[in-house]
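This is input-v3.pdb (PDB, N, CA and C atoms).
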ATOM      1  N   MET A   1      87.683  89.944 116.491
ATOM      2  CA  MET A   1      88.993  90.414 116.093
ATOM      3  C   MET A   1      88.872  91.692 115.268
ATOM      4  N   ALA A   2      87.806  91.817 114.504
ATOM      5  CA  ALA A   2      87.646  93.010 113.674
ATOM      6  C   ALA A   2      87.587  94.276 114.529
ATOM      7  N   ASP A   3      87.027  94.173 115.723
ATOM      8  CA  ASP A   3      86.967  95.332 116.604
ATOM      9  C   ASP A   3      88.320  95.658 117.218
ATOM     10  N   TYR A   4      89.188  94.668 117.299
ATOM     11  CA  TYR A   4      90.487  94.870 117.907
ATOM     12  C   TYR A   4      91.392  95.700 117.007
ATOM     13  N   PHE A   5      91.425  95.370 115.725
ATOM     14  CA  PHE A   5      92.242  96.111 114.763
ATOM     15  C   PHE A   5      91.390  97.223 114.175
ATOM     16  N   LYS A   6      91.803  98.435 114.403
ATOM     17  CA  LYS A   6      91.024  99.587 113.971
ATOM     18  C   LYS A   6      91.817 100.420 112.981
ATOM     19  N   LYS A   7      91.178 100.748 111.866
ATOM     20  CA  LYS A   7      91.805 101.568 110.833
ATOM     21  C   LYS A   7      92.354 102.869 111.427
ATOM     22  N   LYS A   8      91.649 103.431 112.402
ATOM     23  CA  LYS A   8      92.108 104.693 112.991
ATOM     24  C   LYS A   8      93.465 104.542 113.668
ATOM     25  N   HIS A   9      93.795 103.335 114.133
ATOM     26  CA  HIS A   9      95.099 103.127 114.758
ATOM     27  C   HIS A   9      96.226 103.284 113.736
ATOM     28  N   LEU A  10      96.004 102.806 112.526
ATOM     29  CA  LEU A  10      97.007 102.972 111.472
ATOM     30  C   LEU A  10      97.207 104.457 111.181
ATOM     31  N   ILE A  11      96.125 105.189 111.121
ATOM     32  CA  ILE A  11      96.209 106.630 110.866
ATOM     33  C   ILE A  11      96.914 107.328 112.028
ATOM     34  N   GLU A  12      96.529 106.989 113.251
ATOM     35  CA  GLU A  12      97.150 107.600 114.427
ATOM     36  C   GLU A  12      98.641 107.251 114.518
ATOM     37  N   PHE A  13      98.993 106.032 114.128
ATOM     38  CA  PHE A  13     100.403 105.638 114.118
ATOM     39  C   PHE A  13     101.175 106.547 113.166
ATOM     40  N   GLY A  14     100.633 106.725 111.970
ATOM     41  CA  GLY A  14     101.271 107.584 110.976
ATOM     42  C   GLY A  14     101.388 109.028 111.424
ATOM     43  N   GLU A  15     100.467 109.454 112.267
ATOM     44  CA  GLU A  15     100.495 110.819 112.794
ATOM     45  C   GLU A  15     101.414 110.960 114.004
ATOM     46  N   GLY A  16     101.946 109.836 114.503
ATOM     47  CA  GLY A  16     102.881 109.882 115.620
ATOM     48  C   GLY A  16     102.235 109.853 116.993
ATOM     49  N   LYS A  17     100.971 109.448 117.073
ATOM     50  CA  LYS A  17     100.277 109.446 118.370
ATOM     51  C   LYS A  17     100.989 108.583 119.406
ATOM     52  N   PHE A  18     101.534 107.463 118.987
ATOM     53  CA  PHE A  18     102.211 106.592 119.946
ATOM     54  C   PHE A  18     103.452 107.270 120.520
ATOM     55  N   GLY A  19     104.033 108.183 119.787
ATOM     56  CA  GLY A  19     105.224 108.885 120.243
ATOM     57  C   GLY A  19     104.971 109.936 121.306
ATOM     58  N   GLU A  20     103.712 110.182 121.624
ATOM     59  CA  GLU A  20     103.403 111.187 122.643
ATOM     60  C   GLU A  20     103.969 110.807 124.013
ATOM     61  N   ASP A  21     104.037 109.532 124.307
ATOM     62  CA  ASP A  21     104.446 109.086 125.639
ATOM     63  C   ASP A  21     105.940 108.840 125.783
ATOM     64  N   ALA A  22     106.635 108.651 124.716
ATOM     65  CA  ALA A  22     108.091 108.449 124.749
ATOM     66  C   ALA A  22     108.674 109.110 123.500
ATOM     67  N   PRO A  23     108.642 110.423 123.443
ATOM     68  CA  PRO A  23     108.991 111.131 122.213
ATOM     69  C   PRO A  23     110.405 110.886 121.700
ATOM     70  N   ASP A  24     111.364 110.716 122.571
ATOM     71  CA  ASP A  24     112.731 110.482 122.099
ATOM     72  C   ASP A  24     112.846 109.129 121.416
ATOM     73  N   TYR A  25     112.240 108.099 122.005
ATOM     74  CA  TYR A  25     112.260 106.772 121.382
ATOM     75  C   TYR A  25     111.530 106.803 120.044
ATOM     76  N   TRP A  26     110.397 107.489 120.026
ATOM     77  CA  TRP A  26     109.611 107.576 118.798
ATOM     78  C   TRP A  26     110.419 108.266 117.695
ATOM     79  N   LYS A  27     111.046 109.370 118.047
ATOM     80  CA  LYS A  27     111.855 110.108 117.068
ATOM     81  C   LYS A  27     112.983 109.227 116.541
ATOM     82  N   ASN A  28     113.653 108.505 117.429
ATOM     83  CA  ASN A  28     114.735 107.617 116.995
ATOM     84  C   ASN A  28     114.209 106.502 116.093
ATOM     85  N   PHE A  29     113.071 105.924 116.476
ATOM     86  CA  PHE A  29     112.483 104.879 115.632
ATOM     87  C   PHE A  29     112.130 105.434 114.258
ATOM     88  N   MET A  30     111.475 106.587 114.223
ATOM     89  CA  MET A  30     111.052 107.156 112.937
ATOM     90  C   MET A  30     112.251 107.518 112.067
ATOM     91  N   ASN A  31     113.327 108.001 112.666
ATOM     92  CA  ASN A  31     114.544 108.283 111.897
ATOM     93  C   ASN A  31     115.105 106.998 111.305
ATOM     94  N   TYR A  32     115.187 105.958 112.148
ATOM     95  CA  TYR A  32     115.682 104.667 111.682
ATOM     96  C   TYR A  32     114.788 104.114 110.578
ATOM     97  N   TYR A  33     113.499 104.078 110.839
ATOM     98  CA  TYR A  33     112.541 103.553 109.874
ATOM     99  C   TYR A  33     112.617 104.316 108.550
ATOM    100  N   GLY A  34     112.631 105.621 108.638
ATOM    101  CA  GLY A  34     112.706 106.449 107.434
ATOM    102  C   GLY A  34     113.972 106.203 106.640
ATOM    103  N   ASN A  35     115.088 106.065 107.328
ATOM    104  CA  ASN A  35     116.354 105.798 106.643
ATOM    105  C   ASN A  35     116.350 104.422 105.985
ATOM    106  N   VAL A  36     115.830 103.438 106.689
ATOM    107  CA  VAL A  36     115.783 102.075 106.134
ATOM    108  C   VAL A  36     114.897 102.020 104.897
ATOM    109  N   MET A  37     113.764 102.688 104.938
ATOM    110  CA  MET A  37     112.798 102.596 103.841
ATOM    111  C   MET A  37     113.105 103.538 102.675
ATOM    112  N   ALA A  38     114.107 104.402 102.836
ATOM    113  CA  ALA A  38     114.491 105.321 101.758
ATOM    114  C   ALA A  38     115.220 104.569 100.647
ATOM    115  N   GLU A  39     115.254 105.168  99.496
ATOM    116  CA  GLU A  39     115.982 104.614  98.354
ATOM    117  C   GLU A  39     117.423 104.343  98.760
ATOM    118  N   GLY A  40     117.920 103.198  98.419
ATOM    119  CA  GLY A  40     119.300 102.832  98.729
ATOM    120  C   GLY A  40     119.765 101.830  97.687
ATOM    121  N   GLU A  41     120.383 100.767  98.133
ATOM    122  CA  GLU A  41     120.766  99.694  97.212
ATOM    123  C   GLU A  41     119.516  99.031  96.627
ATOM    124  N   LEU A  42     118.429  99.082  97.382
ATOM    125  CA  LEU A  42     117.122  98.625  96.897
ATOM    126  C   LEU A  42     116.263  99.853  96.628
ATOM    127  N   THR A  43     115.389  99.753  95.657
ATOM    128  CA  THR A  43     114.470 100.856  95.383
ATOM    129  C   THR A  43     113.383 100.883  96.449
ATOM    130  N   THR A  44     112.702 102.007  96.562
ATOM    131  CA  THR A  44     111.581 102.083  97.499
ATOM    132  C   THR A  44     110.475 101.111  97.088
ATOM    133  N   ARG A  45     110.360 100.840  95.821
ATOM    134  CA  ARG A  45     109.377  99.865  95.316
ATOM    135  C   ARG A  45     109.725  98.461  95.795
ATOM    136  N   GLU A  46     110.988  98.096  95.678
ATOM    137  CA  GLU A  46     111.426  96.777  96.144
ATOM    138  C   GLU A  46     111.232  96.643  97.658
ATOM    139  N   LYS A  47     111.565  97.702  98.383
ATOM    140  CA  LYS A  47     111.401  97.671  99.834
ATOM    141  C   LYS A  47     109.931  97.551 100.222
ATOM    142  N   ALA A  48     109.059  98.205  99.468
ATOM    143  CA  ALA A  48     107.622  98.108  99.748
ATOM    144  C   ALA A  48     107.123  96.681  99.542
ATOM    145  N   LEU A  49     107.596  96.007  98.499
ATOM    146  CA  LEU A  49     107.203  94.614  98.267
ATOM    147  C   LEU A  49     107.722  93.698  99.373
ATOM    148  N   ILE A  50     108.952  93.938  99.812
ATOM    149  CA  ILE A  50     109.499  93.153 100.927
ATOM    150  C   ILE A  50     108.652  93.397 102.180
ATOM    151  N   ALA A  51     108.351  94.653 102.454
ATOM    152  CA  ALA A  51     107.557  94.990 103.635
ATOM    153  C   ALA A  51     106.177  94.343 103.570
ATOM    154  N   LEU A  52     105.571  94.326 102.401
ATOM    155  CA  LEU A  52     104.257  93.694 102.254
ATOM    156  C   LEU A  52     104.343  92.191 102.495
ATOM    157  N   ALA A  53     105.387  91.559 101.992
ATOM    158  CA  ALA A  53     105.569  90.123 102.214
ATOM    159  C   ALA A  53     105.751  89.830 103.700
ATOM    160  N   VAL A  54     106.576  90.619 104.375
ATOM    161  CA  VAL A  54     106.785  90.432 105.814
ATOM    162  C   VAL A  54     105.481  90.685 106.571
ATOM    163  N   ALA A  55     104.736  91.688 106.164
ATOM    164  CA  ALA A  55     103.456  91.991 106.810
ATOM    165  C   ALA A  55     102.516  90.792 106.760
ATOM    166  N   HIS A  56     102.503  90.100 105.631
ATOM    167  CA  HIS A  56     101.664  88.902 105.521
ATOM    168  C   HIS A  56     102.222  87.756 106.353
ATOM    169  N   ALA A  57     103.530  87.577 106.316
ATOM    170  CA  ALA A  57     104.145  86.500 107.096
ATOM    171  C   ALA A  57     103.905  86.703 108.592
ATOM    172  N   GLU A  58     103.893  87.947 109.036
ATOM    173  CA  GLU A  58     103.693  88.267 110.444
ATOM    174  C   GLU A  58     102.226  88.522 110.787
ATOM    175  N   SER A  59     101.367  88.486 109.782
ATOM    176  CA  SER A  59      99.912  88.672 109.957
ATOM    177  C   SER A  59      99.555  90.000 110.614
ATOM    178  N   CYS A  60     100.150  91.077 110.126
ATOM    179  CA  CYS A  60      99.864  92.403 110.673
ATOM    180  C   CYS A  60      98.884  93.140 109.757
ATOM    181  N   PRO A  61      97.616  93.255 110.161
ATOM    182  CA  PRO A  61      96.646  93.914 109.292
ATOM    183  C   PRO A  61      96.969  95.389 109.045
ATOM    184  N   TYR A  62      97.603  96.038 110.009
ATOM    185  CA  TYR A  62      97.980  97.438 109.817
ATOM    186  C   TYR A  62      99.009  97.562 108.692
ATOM    187  N   CYS A  63     100.013  96.707 108.744
ATOM    188  CA  CYS A  63     101.080  96.749 107.737
ATOM    189  C   CYS A  63     100.569  96.280 106.371
ATOM    190  N   ILE A  64      99.692  95.282 106.362
ATOM    191  CA  ILE A  64      99.111  94.825 105.099
ATOM    192  C   ILE A  64      98.370  95.984 104.440
ATOM    193  N   ASP A  65      97.582  96.695 105.223
ATOM    194  CA  ASP A  65      96.847  97.852 104.721
ATOM    195  C   ASP A  65      97.815  98.904 104.186
ATOM    196  N   ALA A  66      98.776  99.285 105.020
ATOM    197  CA  ALA A  66      99.702 100.354 104.645
ATOM    198  C   ALA A  66     100.550  99.980 103.430
ATOM    199  N   TYR A  67     101.088  98.764 103.412
ATOM    200  CA  TYR A  67     102.015  98.414 102.337
ATOM    201  C   TYR A  67     101.332  97.961 101.060
ATOM    202  N   THR A  68     100.074  97.546 101.131
ATOM    203  CA  THR A  68      99.322  97.338  99.891
ATOM    204  C   THR A  68      99.179  98.680  99.187
ATOM    205  N   SER A  69      98.785  99.693  99.943
ATOM    206  CA  SER A  69      98.657 101.037  99.369
ATOM    207  C   SER A  69      99.996 101.546  98.846
ATOM    208  N   THR A  70     101.051 101.358  99.640
ATOM    209  CA  THR A  70     102.375 101.825  99.219
ATOM    210  C   THR A  70     102.820 101.122  97.942
ATOM    211  N   CYS A  71     102.611  99.813  97.869
ATOM    212  CA  CYS A  71     102.999  99.073  96.664
ATOM    213  C   CYS A  71     102.265  99.607  95.434
ATOM    214  N   LEU A  72     100.978  99.865  95.580
ATOM    215  CA  LEU A  72     100.218 100.416  94.456
ATOM    216  C   LEU A  72     100.738 101.797  94.077
ATOM    217  N   GLU A  73     101.042 102.629  95.065
ATOM    218  CA  GLU A  73     101.598 103.963  94.801
ATOM    219  C   GLU A  73     102.954 103.878  94.120
ATOM    220  N   GLU A  74     103.715 102.821  94.426
ATOM    221  CA  GLU A  74     105.046 102.628  93.833
ATOM    222  C   GLU A  74     104.967 101.999  92.440
ATOM    223  N   GLY A  75     103.757 101.738  91.959
ATOM    224  CA  GLY A  75     103.591 101.227  90.599
ATOM    225  C   GLY A  75     103.480  99.722  90.490
ATOM    226  N   CYS A  76     103.367  99.029  91.592
ATOM    227  CA  CYS A  76     103.190  97.574  91.549
ATOM    228  C   CYS A  76     101.778  97.251  91.089
ATOM    229  N   ASP A  77     101.638  96.142  90.392
ATOM    230  CA  ASP A  77     100.300  95.695  90.038
ATOM    231  C   ASP A  77      99.925  94.501  90.918
ATOM    232  N   GLN A  78      98.682  94.049  90.808
ATOM    233  CA  GLN A  78      98.198  92.990  91.684
ATOM    234  C   GLN A  78      98.965  91.689  91.486
ATOM    235  N   ASP A  79      99.431  91.413  90.273
ATOM    236  CA  ASP A  79     100.217  90.196  90.048
ATOM    237  C   ASP A  79     101.530  90.237  90.836
ATOM    238  N   GLN A  80     102.178  91.384  90.872
ATOM    239  CA  GLN A  80     103.422  91.525  91.627
ATOM    240  C   GLN A  80     103.162  91.439  93.130
ATOM    241  N   ILE A  81     102.083  92.050  93.573
ATOM    242  CA  ILE A  81     101.712  91.975  94.984
ATOM    243  C   ILE A  81     101.442  90.530  95.376
ATOM    244  N   ALA A  82     100.670  89.825  94.554
ATOM    245  CA  ALA A  82     100.355  88.420  94.842
ATOM    246  C   ALA A  82     101.617  87.566  94.861
ATOM    247  N   GLU A  83     102.530  87.828  93.942
ATOM    248  CA  GLU A  83     103.772  87.050  93.905
ATOM    249  C   GLU A  83     104.601  87.275  95.165
ATOM    250  N   ALA A  84     104.674  88.513  95.629
ATOM    251  CA  ALA A  84     105.408  88.806  96.871
ATOM    252  C   ALA A  84     104.788  88.064  98.047
ATOM    253  N   ILE A  85     103.468  88.021  98.092
ATOM    254  CA  ILE A  85     102.771  87.310  99.171
ATOM    255  C   ILE A  85     103.045  85.812  99.077
ATOM    256  N   HIS A  86     103.089  85.273  97.858
ATOM    257  CA  HIS A  86     103.407  83.853  97.689
ATOM    258  C   HIS A  86     104.844  83.550  98.112
ATOM    259  N   VAL A  87     105.755  84.466  97.865
ATOM    260  CA  VAL A  87     107.138  84.282  98.342
ATOM    261  C   VAL A  87     107.135  84.173  99.865
ATOM    262  N   ALA A  88     106.391  85.066 100.521
ATOM    263  CA  ALA A  88     106.302  85.013 101.986
ATOM    264  C   ALA A  88     105.704  83.694 102.446
ATOM    265  N   ALA A  89     104.657  83.240 101.773
ATOM    266  CA  ALA A  89     104.011  81.986 102.150
ATOM    267  C   ALA A  89     104.954  80.797 101.959
ATOM    268  N   ALA A  90     105.710  80.788 100.869
ATOM    269  CA  ALA A  90     106.660  79.702 100.613
ATOM    270  C   ALA A  90     107.764  79.696 101.667
ATOM    271  N   MET A  91     108.249  80.877 102.018
ATOM    272  CA  MET A  91     109.272  80.974 103.059
ATOM    273  C   MET A  91     108.735  80.477 104.398
ATOM    274  N   LYS A  92     107.540  80.901 104.747
ATOM    275  CA  LYS A  92     106.933  80.491 106.019
ATOM    276  C   LYS A  92     106.764  78.968 106.051
ATOM    277  N   ALA A  93     106.328  78.391 104.932
ATOM    278  CA  ALA A  93     106.165  76.936 104.871
ATOM    279  C   ALA A  93     107.510  76.228 105.005
ATOM    280  N   GLY A  94     108.510  76.698 104.287
ATOM    281  CA  GLY A  94     109.837  76.088 104.364
ATOM    282  C   GLY A  94     110.441  76.199 105.756
ATOM    283  N   ILE A  95     110.249  77.347 106.388
ATOM    284  CA  ILE A  95     110.759  77.550 107.743
ATOM    285  C   ILE A  95     110.081  76.576 108.702
ATOM    286  N   THR A  96     108.786  76.403 108.548
ATOM    287  CA  THR A  96     108.057  75.450 109.387
ATOM    288  C   THR A  96     108.585  74.041 109.182
ATOM    289  N   LEU A  97     108.791  73.655 107.942
ATOM    290  CA  LEU A  97     109.248  72.299 107.638
ATOM    291  C   LEU A  97     110.677  72.041 108.113
ATOM    292  N   VAL A  98     111.579  72.984 107.939
ATOM    293  CA  VAL A  98     112.958  72.761 108.359
ATOM    294  C   VAL A  98     113.050  72.627 109.873
ATOM    295  N   HIS A  99     112.180  73.308 110.603
ATOM    296  CA  HIS A  99     112.160  73.147 112.053
ATOM    297  C   HIS A  99     111.651  71.764 112.444
ATOM    298  N   GLY A 100     110.982  71.096 111.525
ATOM    299  CA  GLY A 100     110.544  69.722 111.771
ATOM    300  C   GLY A 100     111.706  68.768 111.981
ATOM    301  N   LEU A 101     112.884  69.135 111.502
ATOM    302  CA  LEU A 101     114.061  68.295 111.706
ATOM    303  C   LEU A 101     114.449  68.225 113.176
ATOM    304  N   GLN A 102     114.143  69.271 113.940
ATOM    305  CA  GLN A 102     114.396  69.216 115.382
ATOM    306  C   GLN A 102     113.531  68.130 116.011
ATOM    307  N   SER A 103     112.262  68.111 115.634
ATOM    308  CA  SER A 103     111.348  67.100 116.155
ATOM    309  C   SER A 103     111.765  65.706 115.709
ATOM    310  N   LYS A 104     112.140  65.583 114.436
ATOM    311  CA  LYS A 104     112.564  64.281 113.906
ATOM    312  C   LYS A 104     113.799  63.778 114.637
ATOM    313  N   GLU A 105     114.761  64.655 114.861
ATOM    314  CA  GLU A 105     115.986  64.269 115.550
ATOM    315  C   GLU A 105     115.667  63.761 116.962
ATOM    316  N   LEU A 106     114.846  64.484 117.684
ATOM    317  CA  LEU A 106     114.480  64.060 119.046
ATOM    318  C   LEU A 106     113.686  62.756 119.015
ATOM    319  N   SER A 107     112.754  62.671 118.086
ATOM    320  CA  SER A 107     111.953  61.444 117.966
ATOM    321  C   SER A 107     112.828  60.246 117.663
ATOM    322  N   ASP A 108     113.760  60.414 116.713
ATOM    323  CA  ASP A 108     114.680  59.321 116.382
ATOM    324  C   ASP A 108     115.519  58.928 117.592
ATOM    325  N   LYS A 109     115.981  59.899 118.336
ATOM    326  CA  LYS A 109     116.806  59.656 119.513
ATOM    327  C   LYS A 109     116.012  58.895 120.585
ATOM    328  N   LEU A 110     114.782  59.277 120.795
ATOM    329  CA  LEU A 110     113.964  58.674 121.859
ATOM    330  C   LEU A 110     113.383  57.317 121.482
ATOM    331  N   THR A 111     113.287  57.025 120.191
ATOM    332  CA  THR A 111     112.673  55.762 119.773
ATOM    333  C   THR A 111     113.679  54.741 119.277
ATOM    334  N   ASN A 112     114.936  55.090 119.205
ATOM    335  CA  ASN A 112     115.959  54.131 118.722
ATOM    336  C   ASN A 112     116.874  53.696 119.831
TER
END
What's the structure tokens form of this structure?
Amino acid sequence: MADYFKKKHLIEFGEGKFGEDAPDYWKNFMNYYGNVMAEGELTTREKALIALAVAHAESCPYCIDAYTSTCLEEGCDQDQIAEAIHVAAAMKAGITLVHGLQSKELSDKLTN
């Protein structure tokens, strides 16, 4: 797996290499992404912490790399980074457990 995820891909993504083949889509995505991640009702620091939490929940090594750096640049410390990751882990666990009610409902229906 280590060979599959390459640091150079993160760099190439940031340079827009993927946009070479569909430049209009890439431009639209980058405009959208840039607008979403800009300061708004949430600070760029808050958005970086959210992005880092989502990156962990989705297991994206590229995003984990990028948003760990961004969080540090935004002034976050390791305790804040760890807390954001724990929020993601708690959400993922709760989401898994609540979906267990679907299984329980079917099991109850089939066994009663």
Problem set entry | Point-to-point distance from atom N of A:Leu10 to atom N of A:Ala88, Å rounded to tenths | 23.8 Å
For this session: Would you kindly translate the PyMOL selection byres ((chain A and resi 43-48) around 8) into the concrete residues it picks from this file, as a list of chain:residue names?
Result: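 That expression, the PyMOL selection byres ((chain A and resi 43-48) around 8), corresponds here to A:Val36, A:Met37, A:Ala38, A:Glu39, A:Gly40, A:Glu41, A:Leu42, A:Leu49, A:Ile50, A:Ala51, A:Leu52, A:Ala53, A:Val54, A:Tyr67, A:Thr68, A:Thr70, A:Cys71, A:Leu72, A:Glu73, A:Glu74, A:Gly75, A:Cys76.
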For this session: Report the distance between atom N of A:Trp26 and atom C of A:Cys63 in Å, rounded to one decimal place.
Result: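 Taking atom N of A:Trp26 and atom C of A:Cys63, their separation equals 20.2 Å.
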Exercise. What is the atom CA of A:Gly16-atom CA of A:Tyr4 distance in Å, reported with one decimal?
Worked result: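 Atom CA of A:Tyr4 lies at a distance of 19.6 Å from atom CA of A:Gly16.
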Exercise. From the list A:Cys60, A:Ala90, A:Ile81, A:Ala22, which residue is nearest A:Phe5 when using only C-alpha atoms?
Worked result: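 When distances to A:Phe5 are compared using only C-alpha atoms, the smallest one comes from A:Cys60.
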Problem set entry | Members of stretch 14-108 of chain A assigned helix (DSSP H, G or I) by DSSP, as a PyMOL selection string | chain A and resi 14-15+17-20+23-37+44-57+61-73+78-108
Problem set entry | Expected selection from the PyMOL selection byres (((chain A and resi 89 and name CA) around 12) and name CA), given as a list in words | Leu52, Ala53, Val54, Ala55, His56, Ala57, Glu58, Ser59, Ala82, Glu83, Ala84, Ile85, His86, Val87, Ala88, Ala90, Met91, Lys92, Ala93, Gly94, Ile95 and Thr96 of chain A
